[in-house]
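Student: Here it is, the structure, as structure tokens.
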Amino acid sequence: MTCCASIASSLHEPGPRRPGVDEVALASRDLGNGLRQITLSVPDMRCGACMALLESTLGKHPEVHMARANLTAKRVTIHWQAENGSPPDFAALIGTIGYTAVLPAEGRDQPDGEISGLLRALAVAGFCSMNIMVLSVSVWAGADPATRQTLHLMSAALALPAVIYSGATFYRSAWRALVHGRANMDVPVSIGVLLSFGLSVYDTFAEGRQAYFEASTSLIFILLVGRTLDHLMRRRARSAAASLADMMPKGANVIRADGRIEYVPLSDIISGTRTLIAAGDRIPADGTILSGLSELDRSLLTGESRWETVGPGGQVCAGDLNVGHPLTVEATAAPGDSTVAELHRMLEAVEDGRSEYRILADRAARLYAPVIHGLSVLTFLSWFAVTQDIHLALTISISVLIIACPCALGLAVPMVQVVAARRLFTQGIVARDGSALERLAEIDTVVLDKTGTLTQYEPRLLTGNWTGPLEFSLAASLSQFSSHPMSRAIADYASRREWEALALDDVRELPGNGLEASFRGEVYRLGRAAWAASGDADDRTAAASTVVLTRQGEILASFVFGEKVRAGSAMAVQFLKSRGIAVEMLTGDVPEAALAVAREVGIDSVKAAALPKDKAEAIDALRSLGRKVMMIGDGINDAVALKAAHVSMAPASGSDIGRSAADFILLNGDMDGMKVALTTAGRAAVLIRQNFALAAVYNACSIPFALLGYANPLIAAIAMSTSSILVVANAMRLEIDGTPPEREMRRINKLAGVG
């Protein structure tokens, strides 16, 4: 078989099977109102130009509402809607522009196969390149013509495996682009390699003094080093999403109608499926407990290490770990629609946001092919016209073609975004897309909801009033018989004081009212004032909740409760102020409660009793003044304001609607996550600008250098790969802890009154 035949064979390898229309329909998720979503793996996607072409091609189809390509995951997400419910043939449509699309579930978008292929190609290219370099030493030292000719022939033989096998990864991509009438970044690479090798073969048989076999093989080797490092860095950046997926079970024990227990894959679980969750198993899908009493470790989603006791009727989420006894759970949704699946999709979609930086980089990548190819041809014609040396003109033209490849520009933004998303996830924050990171770095005003955001739903005992130790002991003893949050607050308060446990009779709990018991022949009540005092007292719940202890309707003690401020709320507010960011509270609660929390956390501007419409109007008013507002809220009443803000956050404990409207989800619930997110977003913005500067300086210096003939193809390859590696390495600096320095932390602590 000839060399050309071998290359042609590698260009036409049979690809993976494309999914049919029916498969796409089954794999699509229902988004409501007839809109559906499908995610396809596109392993041939390699650069920003590929992303732009895929999105524009799919976006032109009348039944496609949105198409977003993700270079890191090598996937494209499509929102489609068809009157007959049958999707377009997306795989065939993508195939018309030279790409192959497969379903991610088929496993062909996993990185292991590609990285092993890259490493094999790298090993072959490295072996050939190093040996050719050794042979070239004798040529450079002035070997006689016969020896030089022999060494050139040996170099040609060594170069063949590298050019044919190791270079095939570039040829395949370039060939697919060219046969569909387009050019990508691998086209000039392939032209440069083949021209360098061809020029060297010509010089060998023409018995020339120099040959460029080391240049062509070293070019492949260095380009493969850059591509392999890029692949490894991307896989590392994606490890947060991959780790989340790996922690989920691959199947579950399903209880059939006849009582049989059968282990099935997750894809077989639908709403209504009954599953048996043994101790040590993770719950595969959101559901309701039918039977069993156990404890769950929910740290995967909430970040809370404390186990939670659950029983029949309790709601569970996919990813919860059963650490107690077996449970029977009825799925309320398929695993693909669970909370953890949504978080996984959000992590993978972090590149999908089209920020101003990404738009700029994509436009530059699209301009690359015509400009650089034209510049290379012009260089060849100019040097040939001046020197009449076709060999020299071709060498310089090849160098220009290689050195001007904008790989660094294509990596400048997405690498920073995916590394930032990974860092945020490890700190308990999920970002919806990369553009949200950019917007977060621009904010100058933060508007905070109160209930569920600055405060927790768990009440705490603020003050108490009782006539003597007996009355307090009665209240503490009664509180032991209930799991109501206010009873737990009294019990927690009592655990830090001395009191006598009393023997109570006929204890009963009246839901919504309180506790009742007999002691020494008299009836005592602990609960709402209107109930416990037989309607003779006011139920004072305006600024705080009040619980009273009564005997035969006579009030003996009262306990006033307030909301518990979330951990880190005061520190977060002072952190914002220290950065010159204005802080306001916007809540639907009554003014007294709002002001009490505002004073505790250090907020001066408060707007209380705000309806959902009022919250949205307040955000719009701030934006009309030119303010870049971040809204942090958790409830359904905050959803409109969250959408109206420049950027938004919601704690994971909030409502589904609030989480869906927010750009960032705080899994841990406390406000420390906001500080981490702001710091990371600011550092990411700096690194993106640095990457753009690196790419711009590289092109400004390297292209004129090559045009003037000071760079051969080998130097061009080294320069191009070095620029890409620098951009990737600069993005990975975000992995280094960027918490505020010790002096700043001391200052913030002092402002917050801590330490």
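Naming works like this for the structure tokens: A, B, ... for the chains as they're shown, residue 1 at the start of each chain, ligands 1 onward in shown order.
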Give me the residues within 8 Å of Ala661 in chain A as an NGL selection string, counting only C-alpha atoms and dropping any in the same chain fewer than 4 places off.

Tutor: :A and (639-640 or 642-643 or 648 or 657)

Student: Restricting the calculation to only C-alpha atoms: of A:Ile632, A:Ile115, A:Cys317, A:Met674, which residue gets closest to Leu576 in chain A?

Tutor: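 Nearest candidate to Leu576 in chain A out of A:Ile632, A:Ile115, A:Cys317, A:Met674: A:Met674.
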
Student: Range 442-615 of chain A: which residues are helix (DSSP H, G or I) by DSSP, as JSON, numbers by chain?

Tutor: {"A": [469, 470, 471, 472, 473, 474, 475, 476, 477, 478, 479, 485, 486, 487, 488, 489, 490, 491, 492, 493, 494, 529, 530, 531, 532, 569, 570, 571, 572, 573, 574, 575, 576, 577, 578, 591, 592, 593, 594, 595, 596, 597, 598, 599, 600, 601, 612, 613, 614, 615]}

Student: Hey, which of A:Leu448, A:Met486, A:Ala681, A:Val371 ends up closest to Ile603 in chain A? Count only C-alpha atoms.

Tutor: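 Ranked by minimum distance to Ile603 in chain A, first place goes to A:Leu448.
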
Student: Taking 6 positions as the minimum chain separation for residues in the same chain, which residues sit within 8 Å of Arg528 in chain A when counting only C-alpha atoms? Answer as an mmCIF file with N, CA, C and O atoms, in the first residue's frame.

Tutor:
```cif
data_model
loop_
_atom_site.group_PDB
_atom_site.id
_atom_site.type_symbol
_atom_site.label_atom_id
_atom_site.label_comp_id
_atom_site.auth_asym_id
_atom_site.auth_seq_id
_atom_site.Cartn_x
_atom_site.Cartn_y
_atom_site.Cartn_z
ATOM 1 N N ASN A 513 -51.477 24.485 66.991
ATOM 2 C CA ASN A 513 -51.767 25.212 68.223
ATOM 3 C C ASN A 513 -50.654 25.064 69.256
ATOM 4 O O ASN A 513 -50.078 26.037 69.707
ATOM 5 N N GLY A 514 -50.348 23.815 69.656
ATOM 6 C CA GLY A 514 -49.294 23.630 70.634
ATOM 7 C C GLY A 514 -49.444 22.328 71.390
ATOM 8 O O GLY A 514 -50.063 21.368 70.915
ATOM 9 N N ASP A 539 -52.458 37.282 69.711
ATOM 10 C CA ASP A 539 -51.440 36.433 69.075
ATOM 11 C C ASP A 539 -50.446 37.358 68.385
ATOM 12 O O ASP A 539 -50.619 37.746 67.240
ATOM 13 N N THR A 546 -44.573 34.482 69.143
ATOM 14 C CA THR A 546 -44.609 34.372 70.595
ATOM 15 C C THR A 546 -45.327 33.082 70.992
ATOM 16 O O THR A 546 -46.371 32.747 70.438
ATOM 17 N N VAL A 547 -44.760 32.367 71.943
ATOM 18 C CA VAL A 547 -45.353 31.167 72.511
ATOM 19 C C VAL A 547 -45.511 31.406 74.008
ATOM 20 O O VAL A 547 -44.618 31.978 74.649
ATOM 21 N N VAL A 548 -46.660 30.975 74.560
ATOM 22 C CA VAL A 548 -46.904 31.203 75.979
ATOM 23 C C VAL A 548 -47.150 29.865 76.676
ATOM 24 O O VAL A 548 -47.578 28.888 76.067
#
```

Student: So that I can check the surroundings of Ile220 in chain A, please list as JSON, numbers by chain every protein, DNA and RNA residue that reaches within 8 Å of it, counting only C-alpha atoms and ignoring chain neighbours fewer than 5 positions away.

Tutor: {"A": [125, 162, 163, 166, 167, 193]}

Student: Have a look at CA of Tyr263 in chain A and CA of Ser294 in chain A and let me know their distance in Å, one decimal.

Tutor: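 These atoms are spaced 21.6 Å apart.
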
Student: With only C-alpha atoms as the counted atoms, please give the residues lying no more than 7 Å from range 250-261 of chain A, apart from itself and same-chain residues fewer than 4 positions off, as a PyMOL selection string.

Tutor: chain A and resi 265-266+274-276+284

Student: What does the file look like for those residues with C-alpha atoms, as a PDB file, in the first residue's frame?

Tutor:
```
ATOM      1  CA  PRO A 265     -30.486   0.487  34.657  1.00  0.00           C
ATOM      2  CA  LEU A 266     -31.491   4.053  35.493  1.00  0.00           C
ATOM      3  CA  ARG A 274     -41.093   1.620  43.232  1.00  0.00           C
ATOM      4  CA  THR A 275     -37.458   1.129  44.264  1.00  0.00           C
ATOM      5  CA  LEU A 276     -35.824  -0.583  47.227  1.00  0.00           C
ATOM      6  CA  PRO A 284     -31.495   7.113  41.966  1.00  0.00           C
TER       7      PRO A 284
END
```

Student: Counting only C-alpha atoms, what is within 12 Å of Leu556 in chain A, bar same-chain residues fewer than 3 positions away, as a ChimeraX atom specification?

Tutor: /A:464-475,524-526,529,532-533,547-553,559

Student: One decimal, Å: what's the distance from CA of Met631 in chain A over to CA of Val416 in chain A, could you say?

Tutor: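 The value is 24.3 Å.
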
Student: Taking 5 positions as the minimum chain separation for residues in the same chain, which residues sit within 12 Å of Thr379 in chain A when counting only C-alpha atoms? Answer as a PyMOL selection string.

Tutor: chain A and resi 372-374+384-387+390+392-401+703-704+706-709

Student: Please write the residues from the selection above to a file, keeping C-alpha atoms, as a tab-separated table (two decimals), in the first residue's frame.

Tutor:
```tsv
chain	number	residue	atom	x	y	z
A	372	ILE	CA	-4.26	33.86	7.17
A	373	HIS	CA	-4.53	31.76	4.01
A	374	GLY	CA	-4.52	34.93	1.95
A	384	PHE	CA	9.31	34.54	-4.88
A	385	ALA	CA	9.07	37.84	-6.77
A	386	VAL	CA	11.98	39.30	-4.79
A	387	THR	CA	14.30	36.27	-4.58
A	390	ILE	CA	10.66	29.00	-4.87
A	392	LEU	CA	12.72	29.82	0.23
A	393	ALA	CA	9.36	31.41	-0.63
A	394	LEU	CA	7.54	28.16	0.09
A	395	THR	CA	9.35	27.67	3.42
A	396	ILE	CA	8.46	31.16	4.65
A	397	SER	CA	4.88	30.77	3.43
A	398	ILE	CA	4.54	27.53	5.39
A	399	SER	CA	5.93	29.22	8.51
A	400	VAL	CA	3.38	32.05	8.25
A	401	LEU	CA	0.59	29.54	7.79
A	703	ILE	CA	3.46	37.05	12.38
A	704	PRO	CA	5.85	39.89	11.35
A	706	ALA	CA	7.60	34.92	10.16
A	707	LEU	CA	6.82	37.33	7.30
A	708	LEU	CA	10.40	38.59	7.40
A	709	GLY	CA	11.72	35.04	7.06
```

Student: Run DSSP on the backbone and tell me which residues of range 46-96 of chain A come out as strand (DSSP E); list them as a list in words.

Tutor: Val64, His65, Met66, Ala67, Arg68, Ala69, Asn70, Arg75, Val76, Thr77, Ile78, His79 and Trp80 of chain A

Student: Store the residues picked out above in a file with all heavy atoms, as a short mmCIF file (atom, residue, chain, number, x, y, z; two decimals), in the first residue's frame.

Tutor:
```cif
data_model
loop_
_atom_site.label_atom_id
_atom_site.label_comp_id
_atom_site.auth_asym_id
_atom_site.auth_seq_id
_atom_site.Cartn_x
_atom_site.Cartn_y
_atom_site.Cartn_z
N VAL A 64 -35.78 24.61 15.03
CA VAL A 64 -34.79 24.75 16.09
C VAL A 64 -34.94 26.13 16.72
O VAL A 64 -34.84 27.15 16.04
CB VAL A 64 -33.36 24.56 15.55
CG1 VAL A 64 -32.34 24.86 16.64
CG2 VAL A 64 -33.17 23.12 15.05
N HIS A 65 -35.17 26.16 18.02
CA HIS A 65 -35.31 27.43 18.74
C HIS A 65 -33.96 27.94 19.24
O HIS A 65 -33.74 29.15 19.32
CB HIS A 65 -36.25 27.26 19.94
CG HIS A 65 -37.69 27.16 19.54
ND1 HIS A 65 -38.68 27.94 20.10
CD2 HIS A 65 -38.31 26.38 18.63
CE1 HIS A 65 -39.84 27.64 19.56
NE2 HIS A 65 -39.65 26.69 18.67
N MET A 66 -33.06 27.03 19.59
CA MET A 66 -31.76 27.43 20.11
C MET A 66 -30.78 26.29 19.94
O MET A 66 -31.14 25.13 20.10
CB MET A 66 -31.87 27.82 21.59
CG MET A 66 -30.58 28.33 22.24
SD MET A 66 -29.53 26.99 22.88
CE MET A 66 -30.43 26.49 24.32
N ALA A 67 -29.54 26.61 19.60
CA ALA A 67 -28.46 25.61 19.53
C ALA A 67 -27.23 26.19 20.19
O ALA A 67 -26.81 27.30 19.85
CB ALA A 67 -28.17 25.23 18.07
N ARG A 68 -26.65 25.45 21.14
CA ARG A 68 -25.46 25.91 21.84
C ARG A 68 -24.44 24.79 21.84
O ARG A 68 -24.71 23.68 22.29
CB ARG A 68 -25.79 26.30 23.29
CG ARG A 68 -26.43 27.67 23.42
CD ARG A 68 -25.42 28.78 23.15
NE ARG A 68 -26.01 30.09 23.31
CZ ARG A 68 -26.52 30.81 22.32
NH1 ARG A 68 -26.51 30.31 21.09
NH2 ARG A 68 -27.01 32.00 22.55
N ALA A 69 -23.25 25.09 21.34
CA ALA A 69 -22.16 24.12 21.31
C ALA A 69 -21.27 24.31 22.52
O ALA A 69 -21.03 25.44 22.96
CB ALA A 69 -21.34 24.27 20.03
N ASN A 70 -20.77 23.23 23.06
CA ASN A 70 -19.88 23.24 24.23
C ASN A 70 -18.58 22.57 23.81
O ASN A 70 -18.53 21.35 23.63
CB ASN A 70 -20.55 22.48 25.39
CG ASN A 70 -19.75 22.55 26.66
OD1 ASN A 70 -18.52 22.52 26.65
ND2 ASN A 70 -20.44 22.62 27.79
N ARG A 75 -20.08 18.77 22.97
CA ARG A 75 -21.50 18.48 22.83
C ARG A 75 -22.23 19.69 22.29
O ARG A 75 -21.76 20.82 22.43
CB ARG A 75 -22.11 18.07 24.17
CG ARG A 75 -21.60 16.74 24.71
CD ARG A 75 -22.31 16.36 25.98
NE ARG A 75 -21.83 15.09 26.50
CZ ARG A 75 -22.33 14.48 27.55
NH1 ARG A 75 -23.33 15.01 28.20
NH2 ARG A 75 -21.84 13.32 27.95
N VAL A 76 -23.38 19.45 21.68
CA VAL A 76 -24.24 20.54 21.23
C VAL A 76 -25.64 20.28 21.80
O VAL A 76 -26.16 19.17 21.72
CB VAL A 76 -24.27 20.65 19.69
CG1 VAL A 76 -24.77 19.36 19.05
CG2 VAL A 76 -25.11 21.83 19.24
N THR A 77 -26.20 21.30 22.43
CA THR A 77 -27.54 21.22 23.02
C THR A 77 -28.51 21.96 22.12
O THR A 77 -28.28 23.12 21.74
CB THR A 77 -27.55 21.85 24.43
OG1 THR A 77 -26.62 21.13 25.25
CG2 THR A 77 -28.92 21.77 25.04
N ILE A 78 -29.61 21.29 21.77
CA ILE A 78 -30.57 21.83 20.80
C ILE A 78 -31.95 21.87 21.44
O ILE A 78 -32.41 20.87 22.00
CB ILE A 78 -30.62 20.95 19.53
CG1 ILE A 78 -29.22 20.74 18.96
CG2 ILE A 78 -31.54 21.57 18.48
CD1 ILE A 78 -29.13 19.60 17.96
N HIS A 79 -32.60 23.03 21.36
CA HIS A 79 -34.00 23.16 21.75
C HIS A 79 -34.83 23.16 20.47
O HIS A 79 -34.62 24.01 19.60
CB HIS A 79 -34.24 24.45 22.53
CG HIS A 79 -33.63 24.44 23.89
ND1 HIS A 79 -33.78 25.48 24.80
CD2 HIS A 79 -32.86 23.52 24.53
CE1 HIS A 79 -33.13 25.20 25.91
NE2 HIS A 79 -32.56 24.01 25.77
N TRP A 80 -35.76 22.22 20.36
CA TRP A 80 -36.54 22.10 19.13
C TRP A 80 -38.01 21.95 19.44
O TRP A 80 -38.40 21.55 20.53
CB TRP A 80 -36.05 20.93 18.29
CG TRP A 80 -36.15 19.58 18.95
CD1 TRP A 80 -35.22 18.99 19.76
CD2 TRP A 80 -37.25 18.67 18.88
NE1 TRP A 80 -35.67 17.77 20.20
CE2 TRP A 80 -36.91 17.53 19.67
CE3 TRP A 80 -38.47 18.67 18.23
CZ2 TRP A 80 -37.75 16.44 19.81
CZ3 TRP A 80 -39.32 17.58 18.37
CH2 TRP A 80 -38.96 16.49 19.15
#
```

Student: Work out how far apart CA of Arg172 in chain A and CA of Ala404 in chain A are and give it in Å to one decimal.

Tutor: 20.9 Å
